Structures are given as C-alpha cells and as structure tokens.
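Student: Below you'll find final_32.txt; it's compact mmCIF, C-alpha atoms.
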# COMPACT_ATOMS: atom_id res chain seq x y z
CA MET A 8 99.99 122.87 149.95
CA ILE A 9 99.06 125.23 147.08
CA GLN A 10 102.66 126.48 147.05
CA LEU A 11 103.92 122.91 146.80
CA VAL A 12 101.59 122.14 143.86
CA LEU A 13 102.65 125.34 142.13
CA PHE A 14 106.32 124.55 142.73
CA LEU A 15 105.92 121.02 141.37
CA THR A 16 103.98 122.25 138.29
CA VAL A 17 106.61 124.86 137.45
CA GLY A 18 109.40 122.34 138.06
CA THR A 19 107.79 119.68 135.86
CA THR A 20 107.14 122.22 133.08
CA LEU A 21 110.77 123.33 133.17
CA LEU A 22 111.97 119.72 133.07
CA VAL A 23 109.73 118.92 130.08
CA LEU A 24 110.98 122.03 128.25
CA LEU A 25 114.61 121.13 128.97
CA ALA A 26 114.11 117.55 127.80
CA SER A 27 112.44 118.69 124.57
CA VAL A 28 115.33 121.07 123.81
CA VAL A 29 117.90 118.32 124.47
CA PHE A 30 116.09 115.77 122.27
CA ARG A 31 115.58 118.30 119.48
CA ARG A 32 119.27 119.18 119.42
CA ARG A 33 120.22 115.49 119.37
CA SER A 34 117.91 114.68 116.46
CA GLU A 35 119.05 117.74 114.46
CA GLY A 36 122.72 116.97 115.20
CA GLY A 37 122.00 113.39 114.13
CA SER A 38 120.48 114.55 110.85
CA VAL A 39 123.57 116.60 110.05
CA ALA A 40 125.83 113.64 110.87
CA LEU A 41 123.73 111.38 108.66
CA LEU A 42 123.86 113.78 105.73
CA GLU A 43 127.60 114.24 106.12
CA ALA A 44 128.07 110.49 106.18
CA ARG A 45 125.89 110.13 103.06
CA GLN A 46 127.91 112.85 101.29
CA ALA A 47 131.19 111.18 102.28
CA LEU A 48 129.90 107.86 100.97
CA ASN A 49 128.78 109.42 97.68
CA ALA A 50 132.14 111.16 97.26
CA LEU A 51 134.02 107.91 97.87
CA GLN A 52 131.86 105.60 95.78
CA GLY A 53 131.08 108.04 92.97
CA GLY A 54 134.27 110.07 92.71
CA LEU A 55 137.27 108.58 94.45
CA LEU A 56 137.09 104.80 94.42
CA PRO A 57 135.91 103.80 90.93
CA ALA A 58 138.50 101.29 89.69
CA GLU A 59 138.98 103.10 86.35
CA LEU A 60 139.95 106.36 88.05
CA VAL A 61 142.36 104.71 90.51
CA ALA A 62 143.90 102.70 87.66
CA ARG A 63 144.25 105.84 85.54
CA ILE A 64 146.06 107.79 88.26
CA PHE A 65 148.53 105.01 89.09
CA ASP A 66 148.81 103.36 85.65
CA ARG A 67 152.43 102.70 84.69
CA THR A 68 151.70 102.57 80.95
CA ASP A 69 151.49 106.38 80.97
CA LEU A 70 154.98 106.51 82.51
CA GLU A 71 156.30 104.06 79.90
CA TYR A 72 154.78 106.21 77.15
CA VAL A 73 156.39 109.36 78.61
CA ASN A 74 159.76 107.57 78.86
CA ARG A 75 159.56 106.81 75.14
CA GLN A 76 159.33 110.56 74.42
CA ARG A 77 163.01 111.00 75.35
CA SER A 78 162.53 114.38 76.97
CA SER A 79 163.62 114.83 80.54
CA GLU A 80 161.50 117.99 80.83
CA VAL A 81 158.35 116.11 79.87
CA ARG A 82 159.27 113.24 82.21
CA GLU A 83 159.86 115.65 85.08
CA LEU A 84 156.56 117.44 84.44
CA PHE A 85 154.70 114.12 84.20
CA LEU A 86 156.09 112.77 87.50
CA GLU A 87 155.40 116.08 89.24
CA GLU A 88 151.81 116.20 87.94
CA ARG A 89 151.03 112.56 88.73
CA LYS A 90 152.49 112.96 92.20
CA ARG A 91 150.26 115.97 92.80
CA ILE A 92 147.17 114.07 91.62
CA ALA A 93 148.10 110.97 93.65
CA LEU A 94 148.52 113.06 96.81
CA LEU A 95 145.22 114.79 96.06
CA TRP A 96 143.51 111.39 95.78
CA ILE A 97 145.03 110.08 99.01
CA GLY A 98 144.14 113.28 100.88
CA ARG A 99 140.53 113.20 99.71
CA VAL A 100 140.09 109.50 100.48
CA ARG A 101 141.49 110.11 103.97
CA LYS A 102 139.21 113.10 104.54
CA GLN A 103 136.05 111.22 103.52
CA ILE A 104 137.06 108.13 105.52
CA THR A 105 137.56 110.35 108.58
CA ARG A 106 134.02 111.74 108.09
CA LEU A 107 132.59 108.23 107.84
CA LYS A 108 134.55 107.17 110.91
CA SER A 109 133.13 110.10 112.90
CA PHE A 110 129.63 109.00 111.88
CA HIS A 111 130.24 105.42 112.96
CA LEU A 112 131.82 106.42 116.26
CA GLY A 113 129.09 108.94 116.99
CA SER A 114 125.63 108.58 115.53
CA ALA A 115 125.63 105.23 113.74
CA ARG A 116 124.57 103.17 116.76
CA PHE A 117 121.40 105.28 117.11
CA TYR A 118 120.30 104.37 113.59
CA ALA A 119 122.09 101.28 112.30
CA GLY A 120 121.62 97.87 113.81
CA LEU A 121 125.27 96.81 113.57
CA ASN A 122 126.30 93.93 115.79
CA LEU A 123 129.32 94.17 118.07
CA ARG A 124 131.48 92.02 115.80
CA THR A 125 130.80 94.20 112.75
CA GLU A 126 131.43 97.35 114.78
CA LEU A 127 134.78 96.01 116.02
CA SER A 128 135.80 94.89 112.53
CA LEU A 129 134.81 98.30 111.16
CA THR A 130 136.83 100.11 113.84
CA LEU A 131 139.88 98.04 112.89
CA ASP A 132 139.30 98.72 109.18
CA PHE A 133 139.07 102.47 109.82
CA ALA A 134 142.30 102.44 111.83
CA ARG A 135 144.09 100.33 109.19
CA LEU A 136 142.80 102.51 106.37
CA LEU A 137 143.86 105.79 107.94
CA PHE A 138 147.27 104.30 108.71
CA THR A 139 147.77 103.02 105.14
CA CYS A 140 146.66 106.40 103.77
CA ARG A 141 149.35 108.11 105.84
CA MET A 142 151.93 105.53 104.83
CA LEU A 143 151.00 105.88 101.15
CA GLU A 144 151.25 109.64 101.42
CA VAL A 145 154.80 109.36 102.77
CA PHE A 146 155.80 106.86 100.05
CA VAL A 147 154.38 109.03 97.24
CA GLN A 148 155.90 112.17 98.72
CA LEU A 149 159.35 110.59 98.96
CA ARG A 150 159.46 108.19 96.01
CA GLY A 151 156.78 109.33 93.58
CA PRO A 152 153.36 108.07 92.45
CA TYR A 153 154.52 104.58 91.42
CA ALA A 154 156.31 103.77 94.67
CA ALA A 155 153.71 101.56 96.34
CA PRO A 156 151.17 100.01 93.93
CA ARG A 157 150.22 97.27 96.42
CA ILE A 158 149.39 99.81 99.13
CA VAL A 159 147.22 101.68 96.60
CA GLY A 160 145.34 98.43 95.91
CA THR A 161 144.95 97.64 99.63
CA THR A 162 143.76 101.18 100.38
CA ALA A 163 141.15 101.13 97.61
CA ALA A 164 139.93 97.63 98.57
CA THR A 165 139.64 98.41 102.30
CA ALA A 166 137.93 101.72 101.57
CA ALA A 167 135.44 99.91 99.31
CA LYS A 168 134.73 97.39 102.12
CA VAL A 169 134.17 100.17 104.67
CA CYS A 170 131.88 101.93 102.18
CA SER A 171 129.85 98.79 101.70
CA VAL A 172 129.23 98.43 105.49
CA SER A 173 128.47 102.16 105.76
CA GLN A 174 126.02 101.89 102.89
CA GLU A 175 124.10 99.25 104.83
CA SER A 176 124.07 101.53 107.89
CA LEU A 177 122.71 104.37 105.78
CA ALA A 178 120.30 102.29 103.70
CA PHE A 179 117.30 103.74 105.53
CA LEU A 180 118.32 107.27 104.51
CA THR A 181 115.97 107.68 101.57
CA PRO A 182 115.88 110.90 99.50
CA LEU A 183 112.65 111.88 101.32
CA TYR A 184 114.31 111.46 104.72
CA ALA A 185 117.36 113.40 103.51
CA ALA A 186 115.14 116.25 102.26
CA ARG A 187 113.34 116.37 105.62
CA ALA A 188 116.66 116.36 107.46
CA VAL A 189 117.95 119.20 105.27
CA ASN A 190 114.80 121.22 105.95
CA GLY A 191 115.14 120.51 109.65
CA SER A 192 118.77 121.68 109.66
CA ALA A 193 117.84 124.75 107.59
CA ARG A 194 115.17 125.71 110.12
CA HIS A 195 117.71 125.22 112.88
CA THR A 196 120.36 127.38 111.18
CA ASP A 197 117.80 130.06 110.22
CA PHE A 198 117.13 130.45 113.88
CA MET B 29 112.58 107.90 78.29
CA ASP B 30 112.48 110.91 75.96
CA VAL B 31 115.89 112.00 77.18
CA LEU B 32 117.37 108.57 76.41
CA GLN B 33 115.83 108.64 72.91
CA ALA B 34 117.07 112.18 72.30
CA ALA B 35 120.59 111.25 73.49
CA ASP B 36 120.58 108.24 71.18
CA ASP B 37 119.37 110.46 68.34
CA LEU B 38 122.18 112.92 69.07
CA ARG B 39 124.79 110.14 69.04
CA ARG B 40 123.53 108.79 65.71
CA ARG B 41 123.28 112.18 63.97
CA SER B 42 125.32 115.15 65.21
CA LEU B 43 127.91 113.22 67.21
CA ALA B 44 128.50 110.63 64.48
CA SER B 45 130.83 113.10 62.79
CA TYR B 46 132.90 113.37 65.98
CA PRO B 47 134.33 109.91 66.62
CA ARG B 48 136.83 110.93 69.30
CA PRO B 49 135.80 111.82 72.89
CA LEU B 50 137.89 115.02 72.79
CA ASP B 51 136.08 116.27 69.68
CA ARG B 52 132.71 115.42 71.23
CA LEU B 53 133.66 117.16 74.49
CA ILE B 54 134.62 120.35 72.66
CA TYR B 55 131.59 120.24 70.36
CA LEU B 56 129.14 119.73 73.23
CA ALA B 57 130.81 122.43 75.35
CA SER B 58 130.41 124.81 72.40
CA MET B 59 126.66 124.12 72.39
CA ARG B 60 126.37 125.31 75.99
CA ASP B 61 125.49 128.88 76.90
CA TYR B 62 128.21 130.21 79.20
CA ASN B 63 125.73 132.42 81.04
CA THR B 64 123.07 129.86 81.80
CA GLY B 65 124.89 126.54 81.53
CA LEU B 66 122.07 125.28 79.28
CA TYR B 67 122.66 123.44 76.01
CA TYR B 68 120.95 124.49 72.79
CA HIS B 69 120.44 122.38 69.66
CA ASP B 70 117.72 123.57 67.31
CA GLY B 71 117.24 120.28 65.45
CA LEU B 72 117.04 118.18 68.59
CA ALA B 73 114.81 120.73 70.37
CA SER B 74 112.36 120.73 67.45
CA ARG B 75 112.16 116.91 67.44
CA TYR B 76 111.75 116.65 71.22
CA SER B 77 111.62 119.77 73.42
CA PRO B 78 114.27 122.32 74.45
CA GLU B 79 114.38 120.80 77.96
CA VAL B 80 114.74 117.23 76.72
CA ALA B 81 117.37 118.30 74.15
CA CYS B 82 119.31 120.12 76.88
CA GLU B 83 119.24 117.11 79.21
CA ALA B 84 120.25 114.72 76.40
CA MET B 85 123.21 116.94 75.47
CA ALA B 86 124.26 117.18 79.11
CA ASP B 87 124.20 113.35 79.30
CA CYS B 88 126.34 113.02 76.17
CA HIS B 89 128.71 115.68 77.49
CA ARG B 90 129.18 113.75 80.76
CA GLU B 91 129.72 110.57 78.76
CA ALA B 92 132.43 112.19 76.60
CA PHE B 93 134.11 113.53 79.75
CA ARG B 94 134.11 110.07 81.39
CA GLN B 95 135.54 108.49 78.24
CA LEU B 96 138.28 111.10 77.96
CA VAL B 97 139.26 110.75 81.63
CA GLY B 98 139.47 106.97 81.10
CA ASN B 99 141.78 107.31 78.09
CA SER B 100 145.51 106.76 78.46
CA LEU B 101 147.94 109.63 78.03
CA GLU B 102 148.98 108.23 74.65
CA GLU B 103 145.36 108.24 73.46
CA LEU B 104 144.90 111.80 74.70
CA VAL B 105 148.00 112.96 72.80
CA GLN B 106 146.73 111.25 69.64
CA GLN B 107 143.33 112.90 70.00
CA LEU B 108 144.87 116.30 70.67
CA GLU B 109 147.08 115.91 67.58
CA ALA B 110 144.08 114.96 65.44
CA TYR B 111 142.05 117.86 66.82
CA MET B 112 144.95 120.25 66.19
CA ALA B 113 145.17 119.04 62.57
CA SER B 114 141.41 119.53 62.12
CA THR B 115 141.66 123.20 63.18
CA HIS B 116 144.19 123.98 60.39
CA THR B 117 146.18 126.10 62.86
CA SER B 118 149.95 125.90 62.92
CA PRO B 119 151.04 123.42 65.62
CA ALA B 120 153.24 126.03 67.32
CA ASP B 121 150.38 128.56 67.53
CA PHE B 122 147.97 125.88 68.70
CA VAL B 123 150.26 124.68 71.51
CA THR B 124 151.01 128.25 72.60
CA ALA B 125 147.32 129.19 72.68
CA TRP B 126 146.25 126.04 74.51
CA LYS B 127 149.05 126.36 77.07
CA GLY B 128 148.17 129.99 77.69
CA LEU B 129 144.37 129.95 77.56
CA GLU B 130 143.79 126.41 78.85
CA PRO B 131 140.46 126.17 76.95
CA TYR B 132 139.94 122.60 78.22
CA ARG B 133 139.06 124.06 81.63
CA VAL B 134 135.75 125.42 80.30
CA ALA B 135 135.06 122.37 78.14
CA ILE B 136 134.09 120.01 80.96
CA PRO B 137 130.49 119.43 82.11
CA VAL B 138 129.22 121.23 85.20
CA GLU B 139 129.36 119.23 88.42
CA SER B 140 132.15 117.02 87.07
CA ASP B 141 133.95 115.12 89.77
CA PRO B 142 136.69 117.53 90.96
CA LEU B 143 139.43 114.89 91.10
CA ALA B 144 138.58 113.52 87.63
CA ALA B 145 138.63 117.11 86.32
CA GLN B 146 142.02 117.75 87.96
CA LEU B 147 143.38 114.53 86.45
CA LEU B 148 142.16 115.52 82.98
CA PHE B 149 143.60 119.07 83.23
CA SER B 150 146.88 117.60 84.38
CA SER B 151 146.92 115.13 81.47
CA PHE B 152 146.22 118.00 79.04
CA ARG B 153 149.23 119.91 80.41
CA ILE B 154 151.46 116.85 79.92
CA ALA B 155 150.02 116.14 76.45
CA LEU B 156 150.72 119.73 75.40
CA ALA B 157 154.28 119.45 76.73
CA ILE B 158 154.72 116.30 74.65
CA LEU B 159 153.43 118.03 71.52
CA GLU B 160 155.70 120.99 72.22
CA SER B 161 158.71 118.73 72.64
CA ARG B 162 157.95 117.25 69.20
CA LEU B 163 157.98 120.74 67.70
CA HIS B 164 161.52 121.19 68.97
CA PRO B 165 163.01 117.68 68.72
CA GLN B 166 166.61 118.91 68.95
CA THR B 167 166.04 120.66 72.28
CA ALA B 168 164.17 117.62 73.57
CA ALA B 169 167.02 115.31 72.53
CA LEU B 170 169.54 117.54 74.25
CA THR B 171 167.62 117.49 77.51
CA ALA B 172 167.01 113.72 77.35
Taking this structure as input, can you express it in the form of structure tokens?

Tutor:
Amino acid sequence: MIQLVLFLTVGTTLLVLLASVVFRRRSEGGSVALLEARQALNALQGGLLPAELVARIFDRTDLEYVNRQRSSEVRELFLEERKRIALLWIGRVRKQITRLKSFHLGSARFYAGLNLRTELSLTLDFARLLFTCRMLEVFVQLRGPYAAPRIVGTTAATAAKVCSVSQESLAFLTPLYAARAVNGSARHTDF
Amino acid sequence: MDVLQAADDLRRRSLASYPRPLDRLIYLASMRDYNTGLYYHDGLASRYSPEVACEAMADCHREAFRQLVGNSLEELVQQLEAYMASTHTSPADFVTAWKGLEPYRVAIPVESDPLAAQLLFSSFRIALAILESRLHPQTAALTA
C-alpha cells in the first residue's frame, strides 16, 4: 500500500512538472510569435505601406522627367535603380506578410477572438496577397517597375486590409505586455 | 511639450535660413556628433536643455528626411543644383566628390526606414547622373 502511494506521488509530481514545462514553452513561444507579428505590422504600416512611399517608388512623373533629359545612360540607370527599389519593396512586403500569416495560422487563435468568417477571409487575403506579390515580382523583373501599376495598387490595398485585421488581433499587446514578453524571452534565451 | 517648443523655435530661427529639405538635412546632420549620434546646438541648449535641444533637432532631422524622400526626382535635382551653387565649388568637382564619397549616406537620421533610405540614396545617384550629363551635353546628346 505504501509502495502504491509512493508510486502515485512520484508519478503525479512528474506529471505536474512535465505539464508546467509544456505550458511554459507554449507561453514563451507565443510571446515570441506575438512580438514578431507586432514587428511585422510596424514594418508594414510604418515603413512599407505608407501611400507616399509607394507612390514615390512607382510614380511615372519621375520617368517622364528622366525621358526629358535625353540621355540614354541616365534613363538606363534610372530604370535599373527603380527596378531594384521596386523589387526590394515587393520582397519586404512579402516577407512581413509571411510573418503575419505565420502568426495568424499559429498563435492568433489563442489570443484574438476572430470569428470563423474573418479567419477564412483573412486566409484568402493572405493567399491572394502572396500570389500577387509573386506575380508583381515577375512583371517587374521582366518588364520594369512601371509594368503593372494596378497590381501595385491591389497589393498595397490588400496588405493594408490584412494589417488592419492583424492590428485588431494584436490590440491587447500593450507596451507593458511587450516588455514583459521580451523579458520572458530573454530569461528563456539566457538559460 | 518642451521638445515641441524647441523644435518650433529651431524651425523659426536656425532652419529659417535653410528653406529646402536637402539644405536642412545636411545642416542638421552636421550638428550631430558622429561618435555619439547626439545633436549639439548651443543656443537651443541654453534656452531649453541639451537633452531637449538634441531631441528637437532629431525631430527636425527626421522631418527633413521625410520631406526629401517625398520629393520628386525633379525637385531633388533642383535642390542638389541649388546646394551645389551655394558651396561655390565647381560643378564638375562637386559631382565627382559626391559620386565618390556619397556624403548623403551619413546625412540621414539614425533609425531611418531602410527602404526609404535606399530610395533616397538611389534618387541621389540618379540626380548626380543627371547633373553630370548636363556638364557634358554633347556626350549626352550622342548617347540619346
């Protein structure tokens, strides 16, 4: 009887320890996912999607001005540079959207109270966005930065919509929570 | 609140003599210590505090950067031409030095958005090529 009690006590203690380790890992992993999602959102809203920046990169008036210079060298340099910047923009938008998508597919349902309809619509938007990014990349690569202005507009608009839904999902992530999460991750990585 | 007042003060006094964003960007970058990244302005620091003056200058620097990034290529070329004239350097020497040293790379505020910075650097390269082509109009016409 004593052996049975001892066996059960040791077993229960081990189970409790195992459960605590599993839950701790999940919450720390969740914190990292949340912070990554927040960073992706900040990068998109603050750096990549502002209308002025997108307009500046793809604005045709710059091309018209360069054409008036009557120098093929300058024109060649301009198209090469704008193409490089356009591809850089598309690549960064795609990267941040992929990070947001990972958050929504993984951790979002633990934190955000999104209904099924919103989740489905968001999944479709992510798929559409990543597809248009790829398509835009191919167009710019083959035909230059001014090849597909409508796709640029669609990409920026869909990305802004996805950001707006993600912002609602992350609304609870206050600076205090973020600081705690960072400290939690730091303790985890120190170890 | 102090920072906003100091920034306003800076715009009305020191920056009033620099109407173009490019001039303001270069002026404000020149007021920054390369080793610490902190801005120094004796007059502003004496009216407020060194910390407030530094923060106000950083704000104005970011503002000038945003304005310059938002300018069209034509506006950037005009500003570069005006700046070049104000330095009293020969255009050929100016273009050669700027193409080689790329001083605009150290003129942007810290923590500028990387893509906006890349776009501005790229526009500077094109603007300098345009100015260079104007120095040698015959060559440019031949290649057109």

Student: Between B:Ser42, B:Thr115, B:Asn63, B:Gln95, single out the one closest to chain A, counting only C-alpha atoms.

Tutor: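 Selected residue with least distance to chain A: B:Gln95.
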
Student: If we count all atoms listed in the file and set the cut-off at 12 Å, which residues sit around Arg101 of chain A, ignoring sequence neighbours fewer than 4 positions away in its own chain? Please answer as a list in words.

Tutor: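 My reading of the contact set: Ala47, Ala50, Leu51, Leu55, Leu56, Leu94, Leu95, Trp96, Ile97, Thr105, Arg106, Leu107, Lys108, Phe133, Ala134, Arg135, Leu136, Leu137, Phe138, Thr139, Cys140, Arg141, Met142, Leu143, Glu144, Thr162, Ala163, Thr165 and Ala166 of chain A.
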
Student: Please identify all polymer residues within 7 Å of segment 35-37 of chain B, counting only C-alpha atoms, omitting same-chain residues fewer than 4 positions from it, and present them as a list of chain:residue names.

Tutor: B:Val31, B:Arg41, B:Ala84, B:Met85, B:Cys88

Student: Distance atom CA of Ser150 of chain B-atom CA of Leu60 of chain A, one decimal place?

Tutor: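 Computing it gives 13.7 Å between the two atoms.
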
Student: Atom CA of Tyr68 of chain B and atom CA of Glu83 of chain B are how many Å apart?

Tutor: 9.9 Å

Student: Output the contact residues of chain A with respect to chain B at a cut-off of 12 Å, based on all atoms listed in the file, as number ranges by chain.

Tutor: A: 49-100

Student: Report as a ChimeraX atom specification all protein, DNA and RNA residues lying within 9 Å of Ala57 of chain B, evaluated on only C-alpha atoms, omitting residues in the same chain fewer than 5 positions from it.

Tutor: /B:52,67,89,134-137

Student: For Leu43 of chain B, which residue among B:Leu148, B:Ala110, B:Leu96, B:Leu56 is the nearest when counting all atoms listed in the file?

Tutor: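 Of all the options, B:Leu56 lies closest to Leu43 of chain B.
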
Student: Using all atoms listed in the file, which of A:Ile9, A:Ala155, A:Gly113, A:Leu131 sits nearest Val169 of chain A?

Tutor: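 Selected residue with least distance to Val169 of chain A: A:Leu131.
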
Student: Can you tell me how far atom CA of Thr125 of chain A sits from atom CA of Leu41 of chain A, in Å to one decimal?

Tutor: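 It comes out at 19.0 Å.
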